[in-house]
Amino acid sequence: MEIKYDLKPASERRTEQFKPEGNVGFGSLRTDHMFLMDYRDGEWRDPRIVPYGPFEMAPGAMALHYGQSIFEGAKAFMHEDGEIYTFRINKNAERMNRSADIVCIPNIDEQMQIDAINALIDVDRLWFPMQEGACLYIRPFIFATEDRLSVSPSSRYTFCVVLSPSGAYYAAGVNKGIRLLISKTYHRAVSGGTGASKAAGNYAASLRAGKAAAQFGASQVLYLDANNQQIEEAGAMNHFHILKDGTVIIPTFTDTILKSITSQSIMELSELLGCEVRQETVMLDKFIADIESGEIIEAGGFGTAAVVSAVGSYIFEDGRVVTVGNGEVGEHIQRIYKLYTDIQKGHVQGPKGWVKRVERVAP
């Protein structure tokens, strides 16, 4: 793929490494440029890096009316050698195409996606924020652009990648358990739908449930299956729990659960973690009974942004509260978080190919 570079004038670009005075937060900032590529006449074409800015889009663009839009989320880190390394973006490229299949968007070759991300990071590498726990958050996304109001897949799309210089999702790391609302009113997905994709509409549909959770003092909703019997996902995270023997349990992936790259990675790290990590169907009643008996000692969620979010308690819609262990962040979660983030930062050698250096090739 030959990328065209249409960059800002040197006088308008960052010339020194970004050294923020305070915590930059997560997901709010943007770098100088973005990557764009268009789909028309049956192929992806015109890959280019241009200044970050608004899109020109027809009011009838199909993404605005029928929600044909998907996205991904990944991270890149600066290692001690001063170079920037991506973390498992091949898995994000693979999942992007899986999401595309579900909502009838044309696939993009995985290597093309990776090349686009690397090229943009290389151009804007001076935007990496120099502070503890920082990353470049990577947001690739695709949306339908054909100007048409009949319901069918679009014939035109735009693929875009933007970068967000971000601090740690939790400024002090994993240090406090959150509360989840166990809801039998709201459901994230049903079998045969879009639950296994990162479709934008899935997240729009979650907002009402999120507002309900806040009314119960909860951070997110723990979603159940349509029959309110099995545990599925926790908001924007895969749910997990830990047994008293240290075994990590992740609900089995189905077509109603997004396959978290963090969850998949944790399963692959079981040997380094020194514990069993497995998937199984998790029935709600047994899950609650095992918390109350002490069989389950820790619980939480796995996701790209926070890596690991510990759950201190669950609340039902009738106000009943169930506390996990002593409600604090347990040693197993702390160990998982440390190993995972140490691999991302290059402090610990992870499996081959998980972290890859972004080469310096930009003009």
# chains A, B, ... in the order shown; residues from 1 in each chain; ligands from 1
$ closest_atom_pairs --of "region 250-318 of chain A" --to "region 86-95 of chain A" --cutoff "10 Å" --atoms "only C-alpha atoms" --output "Markdown table"
| residue | atom | partner | partner_atom | distance |
| --- | --- | --- | --- | --- |
| A:Leu258 | CA | A:Arg95 | CA | 9.4 |
| A:Lys259 | CA | A:Arg95 | CA | 8.2 |
| A:Ser260 | CA | A:Arg95 | CA | 9.3 |
| A:Ile261 | CA | A:Lys91 | CA | 6.8 |
| A:Thr262 | CA | A:Arg88 | CA | 9.7 |
| A:Gln264 | CA | A:Lys91 | CA | 9.7 |
| A:Ser265 | CA | A:Arg88 | CA | 9.2 |
$ select_by_dssp --residues "region 69-262 of chain A" --states "alpha helix (DSSP H)" --output "ChimeraX atom specification"
/A:89-102,110-123,200-215,261-262
$ residues_around --residues "Arg208 (chain A)" --least-positions-apart "2" --cutoff "12 Å" --atoms "only C-alpha atoms" --output "number ranges by chain"
A: 185-188, 202-206, 210-215, 220-221, 235
$ atom_distance --atom1 "CA of Asp342 (chain A)" --atom2 "CA of Leu136 (chain A)"
16.0 Å
$ residues_around --residues "Gln334 (chain A)" --least-positions-apart "2" --cutoff "12 Å" --atoms "only C-alpha atoms" --output "PyMOL selection string"
chain A and resi 173-177+273+298-300+307-310+328-332+336-342
$ residues_around --residues "Gln229 (chain A)" --least-positions-apart "2" --cutoff "12 Å" --atoms "only C-alpha atoms" --output "short mmCIF file (atom, residue, chain, number, x, y, z; two decimals) with C-alpha atoms, in the first residue's frame"
data_model
loop_
_atom_site.label_atom_id
_atom_site.label_comp_id
_atom_site.auth_asym_id
_atom_site.auth_seq_id
_atom_site.Cartn_x
_atom_site.Cartn_y
_atom_site.Cartn_z
CA ILE A 182 -27.17 -6.79 37.49
CA SER A 183 -30.12 -5.92 35.31
CA LYS A 184 -32.95 -8.12 34.12
CA HIS A 187 -30.07 -6.53 27.46
CA TYR A 223 -25.63 -7.87 31.11
CA LEU A 224 -27.39 -11.23 31.16
CA ASP A 225 -28.61 -13.32 28.26
CA ALA A 226 -32.13 -12.74 26.92
CA ASN A 227 -33.49 -15.34 29.37
CA ILE A 231 -23.82 -13.82 32.64
CA GLU A 232 -22.57 -12.26 29.40
CA THR A 281 -21.01 -20.85 30.71
CA VAL A 282 -21.64 -18.83 33.89
CA MET A 283 -25.12 -19.17 35.37
CA LEU A 284 -26.22 -16.15 37.39
CA ASP A 285 -27.68 -18.04 40.37
CA LYS A 286 -24.57 -20.17 40.84
CA PHE A 287 -22.33 -17.13 40.39
CA ILE A 288 -24.08 -15.27 43.21
#
$ closest_residue --among "A:Phe77, A:Tyr39, A:Trp44, A:Phe316" --to "Met1 (chain A)" --atoms "only C-alpha atoms"
A:Trp44
$ closest_residue --among "A:His241, A:Gly217, A:Glu268, A:Arg278" --to "Glu295 (chain A)" --atoms "only C-alpha atoms"
A:His241
$ select_by_dssp --residues "region 35-232 of chain A" --states "strand (DSSP E)" --output "PyMOL selection string"
chain A and resi 35-40+43-51+69-71+74-78+84-87+135-144+157-166+178-182+220-224+231-232
$ residues_around --residues "Gln131 (chain A)" --least-positions-apart "3" --cutoff "10 Å" --atoms "only C-alpha atoms" --output "PyMOL selection string"
chain A and resi 18-24+128+134-135+166-168
$ atom_distance --atom1 "CA of Ile242 (chain A)" --atom2 "CA of Gln344 (chain A)"
23.0 Å
$ residues_around --residues "region 138-155 of chain A" --least-positions-apart "2" --cutoff "7 Å" --atoms "only C-alpha atoms" --output "ChimeraX atom specification"
/A:40,57-58,60-63,68-75,104,136,157-164
$ closest_residue --among "A:Ile117, A:Val277, A:Leu29, A:Leu180" --to "Ala76 (chain A)" --atoms "only C-alpha atoms"
A:Ile117
$ closest_residue --among "A:Pro47, A:Leu64, A:Ala196, A:Val123" --to "Asn97 (chain A)" --atoms "only C-alpha atoms"
A:Ala196
$ decode --residues "region 122-146 of chain A" --atoms "N, CA, C and O atoms" --output "PDB file, in the first residue's frame"
ATOM      1  N   ASP A 122       3.886   6.903  13.260  1.00  0.00           N
ATOM      2  CA  ASP A 122       5.213   7.394  12.905  1.00  0.00           C
ATOM      3  C   ASP A 122       5.186   8.898  12.641  1.00  0.00           C
ATOM      4  O   ASP A 122       6.057   9.641  13.121  1.00  0.00           O
ATOM      5  N   VAL A 123       4.187   9.373  11.913  1.00  0.00           N
ATOM      6  CA  VAL A 123       4.080  10.798  11.608  1.00  0.00           C
ATOM      7  C   VAL A 123       3.895  11.631  12.877  1.00  0.00           C
ATOM      8  O   VAL A 123       4.487  12.702  13.034  1.00  0.00           O
ATOM      9  N   ASP A 124       3.083  11.124  13.808  1.00  0.00           N
ATOM     10  CA  ASP A 124       2.729  11.904  15.000  1.00  0.00           C
ATOM     11  C   ASP A 124       3.368  11.362  16.274  1.00  0.00           C
ATOM     12  O   ASP A 124       2.846  11.557  17.378  1.00  0.00           O
ATOM     13  N   ARG A 125       4.523  10.727  16.141  1.00  0.00           N
ATOM     14  CA  ARG A 125       5.151  10.098  17.319  1.00  0.00           C
ATOM     15  C   ARG A 125       5.513  11.107  18.399  1.00  0.00           C
ATOM     16  O   ARG A 125       5.598  10.741  19.580  1.00  0.00           O
ATOM     17  N   LEU A 126       5.734  12.372  18.047  1.00  0.00           N
ATOM     18  CA  LEU A 126       6.075  13.379  19.058  1.00  0.00           C
ATOM     19  C   LEU A 126       4.890  13.696  19.972  1.00  0.00           C
ATOM     20  O   LEU A 126       5.054  14.369  20.992  1.00  0.00           O
ATOM     21  N   TRP A 127       3.712  13.195  19.620  1.00  0.00           N
ATOM     22  CA  TRP A 127       2.541  13.404  20.458  1.00  0.00           C
ATOM     23  C   TRP A 127       2.448  12.379  21.592  1.00  0.00           C
ATOM     24  O   TRP A 127       1.540  12.466  22.430  1.00  0.00           O
ATOM     25  N   PHE A 128       3.348  11.409  21.629  1.00  0.00           N
ATOM     26  CA  PHE A 128       3.270  10.457  22.745  1.00  0.00           C
ATOM     27  C   PHE A 128       3.498  11.212  24.051  1.00  0.00           C
ATOM     28  O   PHE A 128       4.521  11.885  24.218  1.00  0.00           O
ATOM     29  N   PRO A 129       2.579  11.104  25.011  1.00  0.00           N
ATOM     30  CA  PRO A 129       2.697  11.881  26.251  1.00  0.00           C
ATOM     31  C   PRO A 129       3.686  11.249  27.226  1.00  0.00           C
ATOM     32  O   PRO A 129       3.541  10.086  27.610  1.00  0.00           O
ATOM     33  N   MET A 130       4.658  12.015  27.611  1.00  0.00           N
ATOM     34  CA  MET A 130       5.704  11.506  28.500  1.00  0.00           C
ATOM     35  C   MET A 130       5.253  11.602  29.953  1.00  0.00           C
ATOM     36  O   MET A 130       5.529  12.581  30.657  1.00  0.00           O
ATOM     37  N   GLN A 131       4.535  10.582  30.387  1.00  0.00           N
ATOM     38  CA  GLN A 131       4.144  10.485  31.783  1.00  0.00           C
ATOM     39  C   GLN A 131       3.842   9.031  32.106  1.00  0.00           C
ATOM     40  O   GLN A 131       3.589   8.220  31.207  1.00  0.00           O
ATOM     41  N   GLU A 132       3.898   8.691  33.361  1.00  0.00           N
ATOM     42  CA  GLU A 132       3.710   7.314  33.805  1.00  0.00           C
ATOM     43  C   GLU A 132       2.332   6.798  33.399  1.00  0.00           C
ATOM     44  O   GLU A 132       1.318   7.465  33.574  1.00  0.00           O
ATOM     45  N   GLY A 133       2.319   5.600  32.819  1.00  0.00           N
ATOM     46  CA  GLY A 133       1.068   4.958  32.449  1.00  0.00           C
ATOM     47  C   GLY A 133       0.460   5.450  31.159  1.00  0.00           C
ATOM     48  O   GLY A 133      -0.673   5.093  30.838  1.00  0.00           O
ATOM     49  N   ALA A 134       1.196   6.268  30.390  1.00  0.00           N
ATOM     50  CA  ALA A 134       0.630   6.874  29.192  1.00  0.00           C
ATOM     51  C   ALA A 134       0.660   5.923  27.995  1.00  0.00           C
ATOM     52  O   ALA A 134       1.384   4.926  27.972  1.00  0.00           O
ATOM     53  N   CYS A 135      -0.131   6.272  26.993  1.00  0.00           N
ATOM     54  CA  CYS A 135      -0.167   5.512  25.741  1.00  0.00           C
ATOM     55  C   CYS A 135      -0.643   6.427  24.630  1.00  0.00           C
ATOM     56  O   CYS A 135      -1.119   7.542  24.869  1.00  0.00           O
ATOM     57  N   LEU A 136      -0.502   5.953  23.396  1.00  0.00           N
ATOM     58  CA  LEU A 136      -1.241   6.515  22.281  1.00  0.00           C
ATOM     59  C   LEU A 136      -2.419   5.583  22.062  1.00  0.00           C
ATOM     60  O   LEU A 136      -2.230   4.411  21.707  1.00  0.00           O
ATOM     61  N   TYR A 137      -3.616   6.067  22.320  1.00  0.00           N
ATOM     62  CA  TYR A 137      -4.802   5.252  22.078  1.00  0.00           C
ATOM     63  C   TYR A 137      -5.132   5.340  20.596  1.00  0.00           C
ATOM     64  O   TYR A 137      -5.178   6.433  20.019  1.00  0.00           O
ATOM     65  N   ILE A 138      -5.360   4.196  19.983  1.00  0.00           N
ATOM     66  CA  ILE A 138      -5.555   4.093  18.540  1.00  0.00           C
ATOM     67  C   ILE A 138      -7.031   3.796  18.255  1.00  0.00           C
ATOM     68  O   ILE A 138      -7.566   2.816  18.761  1.00  0.00           O
ATOM     69  N   ARG A 139      -7.659   4.631  17.435  1.00  0.00           N
ATOM     70  CA  ARG A 139      -9.069   4.430  17.117  1.00  0.00           C
ATOM     71  C   ARG A 139      -9.254   4.334  15.583  1.00  0.00           C
ATOM     72  O   ARG A 139      -9.395   5.341  14.895  1.00  0.00           O
ATOM     73  N   PRO A 140      -9.258   3.111  15.031  1.00  0.00           N
ATOM     74  CA  PRO A 140      -9.652   2.926  13.637  1.00  0.00           C
ATOM     75  C   PRO A 140     -11.171   2.769  13.559  1.00  0.00           C
ATOM     76  O   PRO A 140     -11.783   2.153  14.429  1.00  0.00           O
ATOM     77  N   PHE A 141     -11.780   3.285  12.494  1.00  0.00           N
ATOM     78  CA  PHE A 141     -13.224   3.114  12.336  1.00  0.00           C
ATOM     79  C   PHE A 141     -13.616   3.213  10.860  1.00  0.00           C
ATOM     80  O   PHE A 141     -12.892   3.777  10.040  1.00  0.00           O
ATOM     81  N   ILE A 142     -14.770   2.628  10.539  1.00  0.00           N
ATOM     82  CA  ILE A 142     -15.295   2.622   9.177  1.00  0.00           C
ATOM     83  C   ILE A 142     -16.758   3.055   9.237  1.00  0.00           C
ATOM     84  O   ILE A 142     -17.504   2.593  10.107  1.00  0.00           O
ATOM     85  N   PHE A 143     -17.160   3.910   8.299  1.00  0.00           N
ATOM     86  CA  PHE A 143     -18.564   4.323   8.269  1.00  0.00           C
ATOM     87  C   PHE A 143     -19.036   4.464   6.825  1.00  0.00           C
ATOM     88  O   PHE A 143     -18.262   4.764   5.916  1.00  0.00           O
ATOM     89  N   ALA A 144     -20.334   4.237   6.622  1.00  0.00           N
ATOM     90  CA  ALA A 144     -20.936   4.273   5.291  1.00  0.00           C
ATOM     91  C   ALA A 144     -21.169   5.707   4.852  1.00  0.00           C
ATOM     92  O   ALA A 144     -21.696   6.525   5.611  1.00  0.00           O
ATOM     93  N   THR A 145     -20.809   6.029   3.607  1.00  0.00           N
ATOM     94  CA  THR A 145     -20.893   7.413   3.135  1.00  0.00           C
ATOM     95  C   THR A 145     -21.814   7.608   1.935  1.00  0.00           C
ATOM     96  O   THR A 145     -22.036   8.740   1.513  1.00  0.00           O
ATOM     97  N   GLU A 146     -22.345   6.530   1.384  1.00  0.00           N
ATOM     98  CA  GLU A 146     -23.216   6.701   0.219  1.00  0.00           C
ATOM     99  C   GLU A 146     -24.436   7.540   0.598  1.00  0.00           C
ATOM    100  O   GLU A 146     -25.059   7.326   1.648  1.00  0.00           O
TER     101      GLU A 146
END
